[in-house]
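Here's the structure, in structure tokens; my notes come after.
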Amino acid sequence: MRGMAVLAAGALVWGISTAPAGADTVREGQWPLINYHATTDVWPISQGDGVTVAVIDSGVAEHQDLTGQVLPGTDCSGEGLDYKTDKVGHGTAMASLIAGHGHGEQAGVMGLAPKAKILPVRIGTFDVDSGSMVSGNLAECLRYAVDHGVKVVNMSISGSSAEAGVRDAVKYAVEKDVVVVASAGNTGGDHPVEYPSAFPGVVSVGAVDQRGNIWSRSNTGPEVTLAAPGVDIYSATAKSASSYGKGNGTSGAAAYVSAIAALVRSKYPNLSAGQVINRMIKSAVAPPDKSTVPNNKYGYGIASAKGALAPNPAVDNGPKENPLLTRVESQADPSGKPSSGASKPAPGNSTSPDSSSAAKDDGGIPVYVLAIVGVLALVVIGGVIVLVRRSRGNGNGSGGGGNGGGGGGFVPPTPPPYGPGAQQFPPQQQAPYAGQGQPQQSSYAGQGNGQPQQYGSAQPYQQHPPQQPPAGGTPYR
């Protein structure tokens, strides 16, 4: 393979099933559009107009739901083929999730940014059985995309090697004000986030199901930035110009986050790429398990289209710099060799995943000296506390200590949810991904035996009432 370590389509574990499906059935099954309230809460605000998204993948074939959306691209695989040659359908699927426009009366696949344009950059062919790529040069592909004016790059591909050339290409893209999005990997939660998703500056995306639960094969680690829909996802395929499939994987999740980035860049064209990323991070919806974010599974939470589009100051744009540039990679060094790992950001102690708990010495004083001083200080303070307690006990006749009278210590008050001493990031936006009204019955989540899920009105990522489509169409279900 030319100039690129083995990559896997954030799929082929994505495993597109090409079983026949009616185009109208496909639209009805696009649950991310329902959960995102696309027709009422997203598309009236932005549809991605004027933004080009590069899809670095297996090519983008001609399809009825992508007519007019795909710009002339390139093939940097070295195979001598063109960008329309998609032997496995993966790139075509990703393009449809980003910018598909469907066809006819509510039929076919709608992307989340249906008026964005796609620049197809064919990196090579994937082996269907192993998921590995048999050709390709990712650094060349990425530089080509950046040099052709894209605002967002989608890389639903992953591998284990941190090649210096690709690292430099990612840095080049960031310097050129491009939002770079990649899939975290599909080998399971016990495996680290893969490259290029683990590179500093890249928005690393994990996959969730319809209820917001992390997909069991979504890779996890401190590099994960956001989670997005990636289970039971309908898409276009390359089998024919009217073919569809359904699959699972972080590939689809990355495509949806790329679409959200395109929506934001269209609505707020003067924002930097770093500010677009800030908006997606700050507006992310809290995980349904109520776990503290950022964490290794969800990153900062489930990406919210409506939340990211909210006006300032509902969502603060933040600084222009990319907030992911200084994060520490946990998987490998630039040579591709395993590293000793890195501490994940301490939840609530930063606004981006770039914090580390590396020890430092202050003013040249050896660390061990500081440790000894600290221990001595603790001993002195402990002695003072004992004397004070004894004095109080002699004065009031109490022989117990602390709360509860049985030796309990001082119980600190619960800190406020946000502010000094608590989580240093804005409140999660509950509205963008949380529905109002009664819970709906799930058809695609595959959990709960079809029984409605009981959620409160503010619970994120739940089923929602059917969306009302444009006049003349049938409701999404």
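Labels used: A, B, ... for chains in the order of the structure tokens, numbers from 1 for residues in each chain, and numbers from 1 for ligands as shown.
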Determine, counting only C-alpha atoms, which protein, DNA and RNA residues have an atom within 10 Å of an atom of Arg143 in chain A; residues of the same chain fewer than 6 positions away are not included. Present the result as an NGL selection string. :A and (166 or 168-170 or 172-173)
Selected residues, all heavy atoms, written as a short mmCIF file (atom, residue, chain, number, x, y, z; two decimals), in the first residue's frame, please.
```cif
data_model
loop_
_atom_site.label_atom_id
_atom_site.label_comp_id
_atom_site.auth_asym_id
_atom_site.auth_seq_id
_atom_site.Cartn_x
_atom_site.Cartn_y
_atom_site.Cartn_z
N VAL A 166 0.90 12.02 7.66
CA VAL A 166 -0.52 12.29 7.89
C VAL A 166 -0.68 13.31 9.01
O VAL A 166 -1.52 14.21 8.94
CB VAL A 166 -1.28 10.99 8.23
CG1 VAL A 166 -2.76 11.28 8.45
CG2 VAL A 166 -1.12 9.97 7.11
N ASP A 168 1.34 15.70 9.70
CA ASP A 168 1.65 17.00 9.11
C ASP A 168 0.49 17.50 8.24
O ASP A 168 0.20 18.70 8.22
CB ASP A 168 2.93 16.91 8.27
CG ASP A 168 4.18 16.72 9.11
OD1 ASP A 168 4.12 17.00 10.33
OD2 ASP A 168 5.20 16.29 8.56
N ALA A 169 -0.17 16.58 7.54
CA ALA A 169 -1.30 16.97 6.70
C ALA A 169 -2.48 17.45 7.55
O ALA A 169 -3.17 18.40 7.20
CB ALA A 169 -1.73 15.80 5.81
N VAL A 170 -2.70 16.79 8.69
CA VAL A 170 -3.75 17.23 9.61
C VAL A 170 -3.42 18.63 10.13
O VAL A 170 -4.29 19.51 10.19
CB VAL A 170 -3.92 16.24 10.78
CG1 VAL A 170 -4.80 16.84 11.87
CG2 VAL A 170 -4.51 14.93 10.28
N TYR A 172 -1.66 20.86 8.68
CA TYR A 172 -1.85 21.76 7.54
C TYR A 172 -3.33 22.13 7.41
O TYR A 172 -3.68 23.30 7.20
CB TYR A 172 -1.34 21.07 6.28
CG TYR A 172 -1.52 21.85 4.99
CD1 TYR A 172 -0.78 23.00 4.74
CD2 TYR A 172 -2.41 21.42 4.02
CE1 TYR A 172 -0.92 23.71 3.56
CE2 TYR A 172 -2.57 22.12 2.83
CZ TYR A 172 -1.82 23.27 2.61
OH TYR A 172 -1.98 23.96 1.43
N ALA A 173 -4.20 21.14 7.52
CA ALA A 173 -5.64 21.38 7.42
C ALA A 173 -6.13 22.32 8.52
O ALA A 173 -6.91 23.24 8.29
CB ALA A 173 -6.40 20.06 7.47
#
```
What's the separation between CA of His37 in chain A and CA of Val179 in chain A, in Å to one decimal place? 23.9 Å
Just to confirm, what's the straight-line distance from CA of Glu175 in chain A to CA of Val55 in chain A in Å (one decimal)?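 About the pair CA of Glu175 in chain A and CA of Val55 in chain A: they are 19.2 Å apart.
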Interatomic distance, CA of Ser291 in chain A to CA of Gly212 in chain A (Å, one decimal):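 CA of Ser291 in chain A sits 12.3 Å away from CA of Gly212 in chain A.
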Might you pull out every residue within 8 Å of Gly50 in chain A, with only C-alpha atoms counted and same-chain residues fewer than 6 positions away left off, and present them as a list in words? Lys115, Ala116, Lys117 and Ser266 of chain A
Convert the current residue selection to file output with N, CA and C atoms, as an mmCIF file, in the first residue's frame.
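Once everything was written out, this is part15.cif:
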```cif
data_model
loop_
_atom_site.group_PDB
_atom_site.id
_atom_site.type_symbol
_atom_site.label_atom_id
_atom_site.label_comp_id
_atom_site.auth_asym_id
_atom_site.auth_seq_id
_atom_site.Cartn_x
_atom_site.Cartn_y
_atom_site.Cartn_z
ATOM 1 N N LYS A 115 -28.025 20.706 1.538
ATOM 2 C CA LYS A 115 -27.605 21.648 0.504
ATOM 3 C C LYS A 115 -26.099 21.880 0.497
ATOM 4 N N ALA A 116 -25.372 21.114 1.288
ATOM 5 C CA ALA A 116 -23.916 21.165 1.222
ATOM 6 C C ALA A 116 -23.460 20.428 -0.034
ATOM 7 N N LYS A 117 -22.249 20.708 -0.468
ATOM 8 C CA LYS A 117 -21.660 20.010 -1.606
ATOM 9 C C LYS A 117 -20.609 19.018 -1.117
ATOM 10 N N SER A 266 -22.225 27.166 7.441
ATOM 11 C CA SER A 266 -23.140 27.854 6.532
ATOM 12 C C SER A 266 -23.870 28.991 7.245
#
```
At a cut-off of 10 Å, can you tabulate as a Markdown table every residue of range 212-321 of chain A near range 92-96 of chain A together with its closest atom pair and the distance in Å to one decimal, using only C-alpha atoms and ordering rows by chain then number?
```
| residue | atom | partner | partner_atom | distance |
| --- | --- | --- | --- | --- |
| A:Ile233 | CA | A:Ala93 | CA | 9.7 |
| A:Tyr234 | CA | A:Ala93 | CA | 8.5 |
| A:Ser235 | CA | A:Ala93 | CA | 5.1 |
| A:Ala236 | CA | A:Ala93 | CA | 4.9 |
| A:Thr237 | CA | A:Ala93 | CA | 5.4 |
| A:Ala238 | CA | A:Thr92 | CA | 6.2 |
| A:Lys239 | CA | A:Thr92 | CA | 9.9 |
| A:Tyr244 | CA | A:Ala93 | CA | 8.5 |
| A:Gly245 | CA | A:Ala93 | CA | 8.4 |
| A:Lys246 | CA | A:Ala93 | CA | 9.3 |
| A:Gly247 | CA | A:Ala93 | CA | 9.6 |
| A:Ser251 | CA | A:Met94 | CA | 7.4 |
| A:Gly252 | CA | A:Met94 | CA | 6.4 |
| A:Ala253 | CA | A:Met94 | CA | 9.4 |
| A:Ala254 | CA | A:Met94 | CA | 8.7 |
| A:Ala255 | CA | A:Met94 | CA | 5.8 |
| A:Tyr256 | CA | A:Met94 | CA | 8.6 |
| A:Ser258 | CA | A:Met94 | CA | 9.8 |
| A:Ala259 | CA | A:Ala95 | CA | 9.6 |
```
Between A:Pro44, A:Ala139, A:His101, A:Glu329, which one has atoms that come closest to Ala305 in chain A, using only C-alpha atoms? A:Pro44
Check the smallest atom-to-atom distance from each of A:Phe126, A:Tyr144, A:Tyr83, A:Trp43 to Ala113 in chain A using only C-alpha atoms, then report the winner. A:Trp43
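Residues in contact with Ala184 in chain A at 6 Å, where only C-alpha atoms are counted and same-chain residues fewer than 3 positions away are skipped, are listed as Val193, Glu194, Ser197, Ser204, Val205, Gly206 and Asn219 of chain A.
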Could you list, as a ChimeraX atom specification, every residue within 7 Å of Gly100 in chain A, counting only C-alpha atoms and ignoring same-chain residues fewer than 2 positions away? /A:65-66,95-98,102,109-111,114
Counting only C-alpha atoms, the residue of A:Asp209, A:Ile34, A:Asp24, A:Gly299 that sits nearest Ile281 in chain A: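 Using only C-alpha atoms, the shortest distance to Ile281 in chain A belongs to A:Gly299.
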Quick one: pick out all strand (DSSP E or B) residues within range 15-84 of chain A from a backbone DSSP run and write them as a PDB file with all heavy atoms, in the first residue's frame.
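Okay, this is what ended up in out37.pdb:
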```pdb
ATOM      1  N   SER A  17     -25.536  -3.368   4.712  1.00  0.00           N
ATOM      2  CA  SER A  17     -26.358  -4.449   4.173  1.00  0.00           C
ATOM      3  C   SER A  17     -27.124  -3.906   2.983  1.00  0.00           C
ATOM      4  O   SER A  17     -27.782  -2.871   3.071  1.00  0.00           O
ATOM      5  CB  SER A  17     -27.347  -4.940   5.235  1.00  0.00           C
ATOM      6  OG  SER A  17     -28.326  -5.759   4.651  1.00  0.00           O
ATOM      7  N   THR A  52     -18.622  23.208   1.308  1.00  0.00           N
ATOM      8  CA  THR A  52     -18.175  21.970   0.675  1.00  0.00           C
ATOM      9  C   THR A  52     -17.509  21.073   1.713  1.00  0.00           C
ATOM     10  O   THR A  52     -16.642  21.527   2.462  1.00  0.00           O
ATOM     11  CB  THR A  52     -17.175  22.250  -0.463  1.00  0.00           C
ATOM     12  OG1 THR A  52     -17.811  23.048  -1.465  1.00  0.00           O
ATOM     13  CG2 THR A  52     -16.698  20.948  -1.104  1.00  0.00           C
ATOM     14  N   VAL A  53     -17.946  19.825   1.737  1.00  0.00           N
ATOM     15  CA  VAL A  53     -17.386  18.826   2.646  1.00  0.00           C
ATOM     16  C   VAL A  53     -16.610  17.792   1.831  1.00  0.00           C
ATOM     17  O   VAL A  53     -17.167  17.175   0.906  1.00  0.00           O
ATOM     18  CB  VAL A  53     -18.494  18.109   3.445  1.00  0.00           C
ATOM     19  CG1 VAL A  53     -17.884  17.074   4.394  1.00  0.00           C
ATOM     20  CG2 VAL A  53     -19.343  19.114   4.210  1.00  0.00           C
ATOM     21  N   ALA A  54     -15.350  17.609   2.144  1.00  0.00           N
ATOM     22  CA  ALA A  54     -14.566  16.565   1.478  1.00  0.00           C
ATOM     23  C   ALA A  54     -14.865  15.228   2.119  1.00  0.00           C
ATOM     24  O   ALA A  54     -14.870  15.112   3.354  1.00  0.00           O
ATOM     25  CB  ALA A  54     -13.079  16.874   1.585  1.00  0.00           C
ATOM     26  N   VAL A  55     -15.126  14.225   1.309  1.00  0.00           N
ATOM     27  CA  VAL A  55     -15.321  12.860   1.801  1.00  0.00           C
ATOM     28  C   VAL A  55     -14.133  12.042   1.312  1.00  0.00           C
ATOM     29  O   VAL A  55     -14.055  11.655   0.143  1.00  0.00           O
ATOM     30  CB  VAL A  55     -16.652  12.266   1.293  1.00  0.00           C
ATOM     31  CG1 VAL A  55     -16.770  10.798   1.699  1.00  0.00           C
ATOM     32  CG2 VAL A  55     -17.833  13.066   1.841  1.00  0.00           C
ATOM     33  N   ILE A  56     -13.169  11.844   2.216  1.00  0.00           N
ATOM     34  CA  ILE A  56     -11.985  11.043   1.894  1.00  0.00           C
ATOM     35  C   ILE A  56     -12.333   9.597   2.202  1.00  0.00           C
ATOM     36  O   ILE A  56     -12.426   9.198   3.360  1.00  0.00           O
ATOM     37  CB  ILE A  56     -10.763  11.510   2.698  1.00  0.00           C
ATOM     38  CG1 ILE A  56     -10.455  12.972   2.374  1.00  0.00           C
ATOM     39  CG2 ILE A  56      -9.561  10.627   2.400  1.00  0.00           C
ATOM     40  CD1 ILE A  56      -9.277  13.547   3.145  1.00  0.00           C
ATOM     41  N   ASP A  57     -12.529   8.815   1.144  1.00  0.00           N
ATOM     42  CA  ASP A  57     -13.117   7.495   1.351  1.00  0.00           C
ATOM     43  C   ASP A  57     -12.892   6.631   0.113  1.00  0.00           C
ATOM     44  O   ASP A  57     -11.947   6.860  -0.646  1.00  0.00           O
ATOM     45  CB  ASP A  57     -14.616   7.650   1.652  1.00  0.00           C
ATOM     46  CG  ASP A  57     -15.131   6.608   2.636  1.00  0.00           C
ATOM     47  OD1 ASP A  57     -15.115   5.423   2.271  1.00  0.00           O
ATOM     48  OD2 ASP A  57     -15.538   6.975   3.749  1.00  0.00           O
ATOM     49  N   VAL A  70     -22.465  16.385  -5.878  1.00  0.00           N
ATOM     50  CA  VAL A  70     -21.079  15.913  -5.888  1.00  0.00           C
ATOM     51  C   VAL A  70     -20.254  16.703  -6.906  1.00  0.00           C
ATOM     52  O   VAL A  70     -20.563  16.724  -8.099  1.00  0.00           O
ATOM     53  CB  VAL A  70     -21.011  14.418  -6.204  1.00  0.00           C
ATOM     54  CG1 VAL A  70     -19.567  13.925  -6.137  1.00  0.00           C
ATOM     55  CG2 VAL A  70     -21.889  13.626  -5.221  1.00  0.00           C
ATOM     56  N   THR A  74     -11.086  13.679  -7.029  1.00  0.00           N
ATOM     57  CA  THR A  74      -9.858  13.043  -7.497  1.00  0.00           C
ATOM     58  C   THR A  74      -9.716  11.652  -6.918  1.00  0.00           C
ATOM     59  O   THR A  74     -10.413  11.275  -5.964  1.00  0.00           O
ATOM     60  CB  THR A  74      -8.631  13.884  -7.102  1.00  0.00           C
ATOM     61  OG1 THR A  74      -7.480  13.418  -7.817  1.00  0.00           O
ATOM     62  CG2 THR A  74      -8.351  13.779  -5.606  1.00  0.00           C
ATOM     63  N   ASP A  75      -8.802  10.895  -7.504  1.00  0.00           N
ATOM     64  CA  ASP A  75      -8.425   9.573  -6.992  1.00  0.00           C
ATOM     65  C   ASP A  75      -6.947   9.629  -6.653  1.00  0.00           C
ATOM     66  O   ASP A  75      -6.109   9.819  -7.529  1.00  0.00           O
ATOM     67  CB  ASP A  75      -8.700   8.502  -8.052  1.00  0.00           C
ATOM     68  CG  ASP A  75      -8.120   7.144  -7.673  1.00  0.00           C
ATOM     69  OD1 ASP A  75      -8.138   6.822  -6.473  1.00  0.00           O
ATOM     70  OD2 ASP A  75      -7.648   6.419  -8.573  1.00  0.00           O
TER      71      ASP A  75
END
```
Give me, as a count of residues only, all polymer residues having an atom no more than 8 Å from Gln64 in chain A, counting only C-alpha atoms and skipping those fewer than 2 positions away in the same chain. 7
Among range 180-260 of chain A, which residues carry a DSSP assignment of alpha helix (DSSP H), reported as a PyMOL selection string? chain A and resi 250-260
Can I get the selected residues back with C-alpha atoms, as a PDB file, in the first residue's frame?
```pdb
ATOM      1  CA  THR A 250     -18.502   5.162  13.870  1.00  0.00           C
ATOM      2  CA  SER A 251     -18.289   5.941  10.151  1.00  0.00           C
ATOM      3  CA  GLY A 252     -21.889   7.102  10.031  1.00  0.00           C
ATOM      4  CA  ALA A 253     -21.439   8.962  13.314  1.00  0.00           C
ATOM      5  CA  ALA A 254     -18.517  10.915  11.870  1.00  0.00           C
ATOM      6  CA  ALA A 255     -20.582  11.741   8.788  1.00  0.00           C
ATOM      7  CA  TYR A 256     -23.359  13.207  10.932  1.00  0.00           C
ATOM      8  CA  VAL A 257     -20.901  15.364  12.883  1.00  0.00           C
ATOM      9  CA  SER A 258     -19.379  16.543   9.590  1.00  0.00           C
ATOM     10  CA  ALA A 259     -22.886  17.511   8.492  1.00  0.00           C
ATOM     11  CA  ILE A 260     -23.419  19.490  11.707  1.00  0.00           C
TER      12      ILE A 260
END
```
Any idea what's packed within 12 Å of Ile45 in chain A, counting only C-alpha atoms, ignoring anything in its chain fewer than 6 positions away? Could you give it as a PyMOL selection string? chain A and resi 37-39+113+260+263-268+305-311
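Residue nearest Tyr36 in chain A, chosen from A:Gly249, A:Gly318, A:Pro120, A:Pro229 and counting only C-alpha atoms: A:Pro229.
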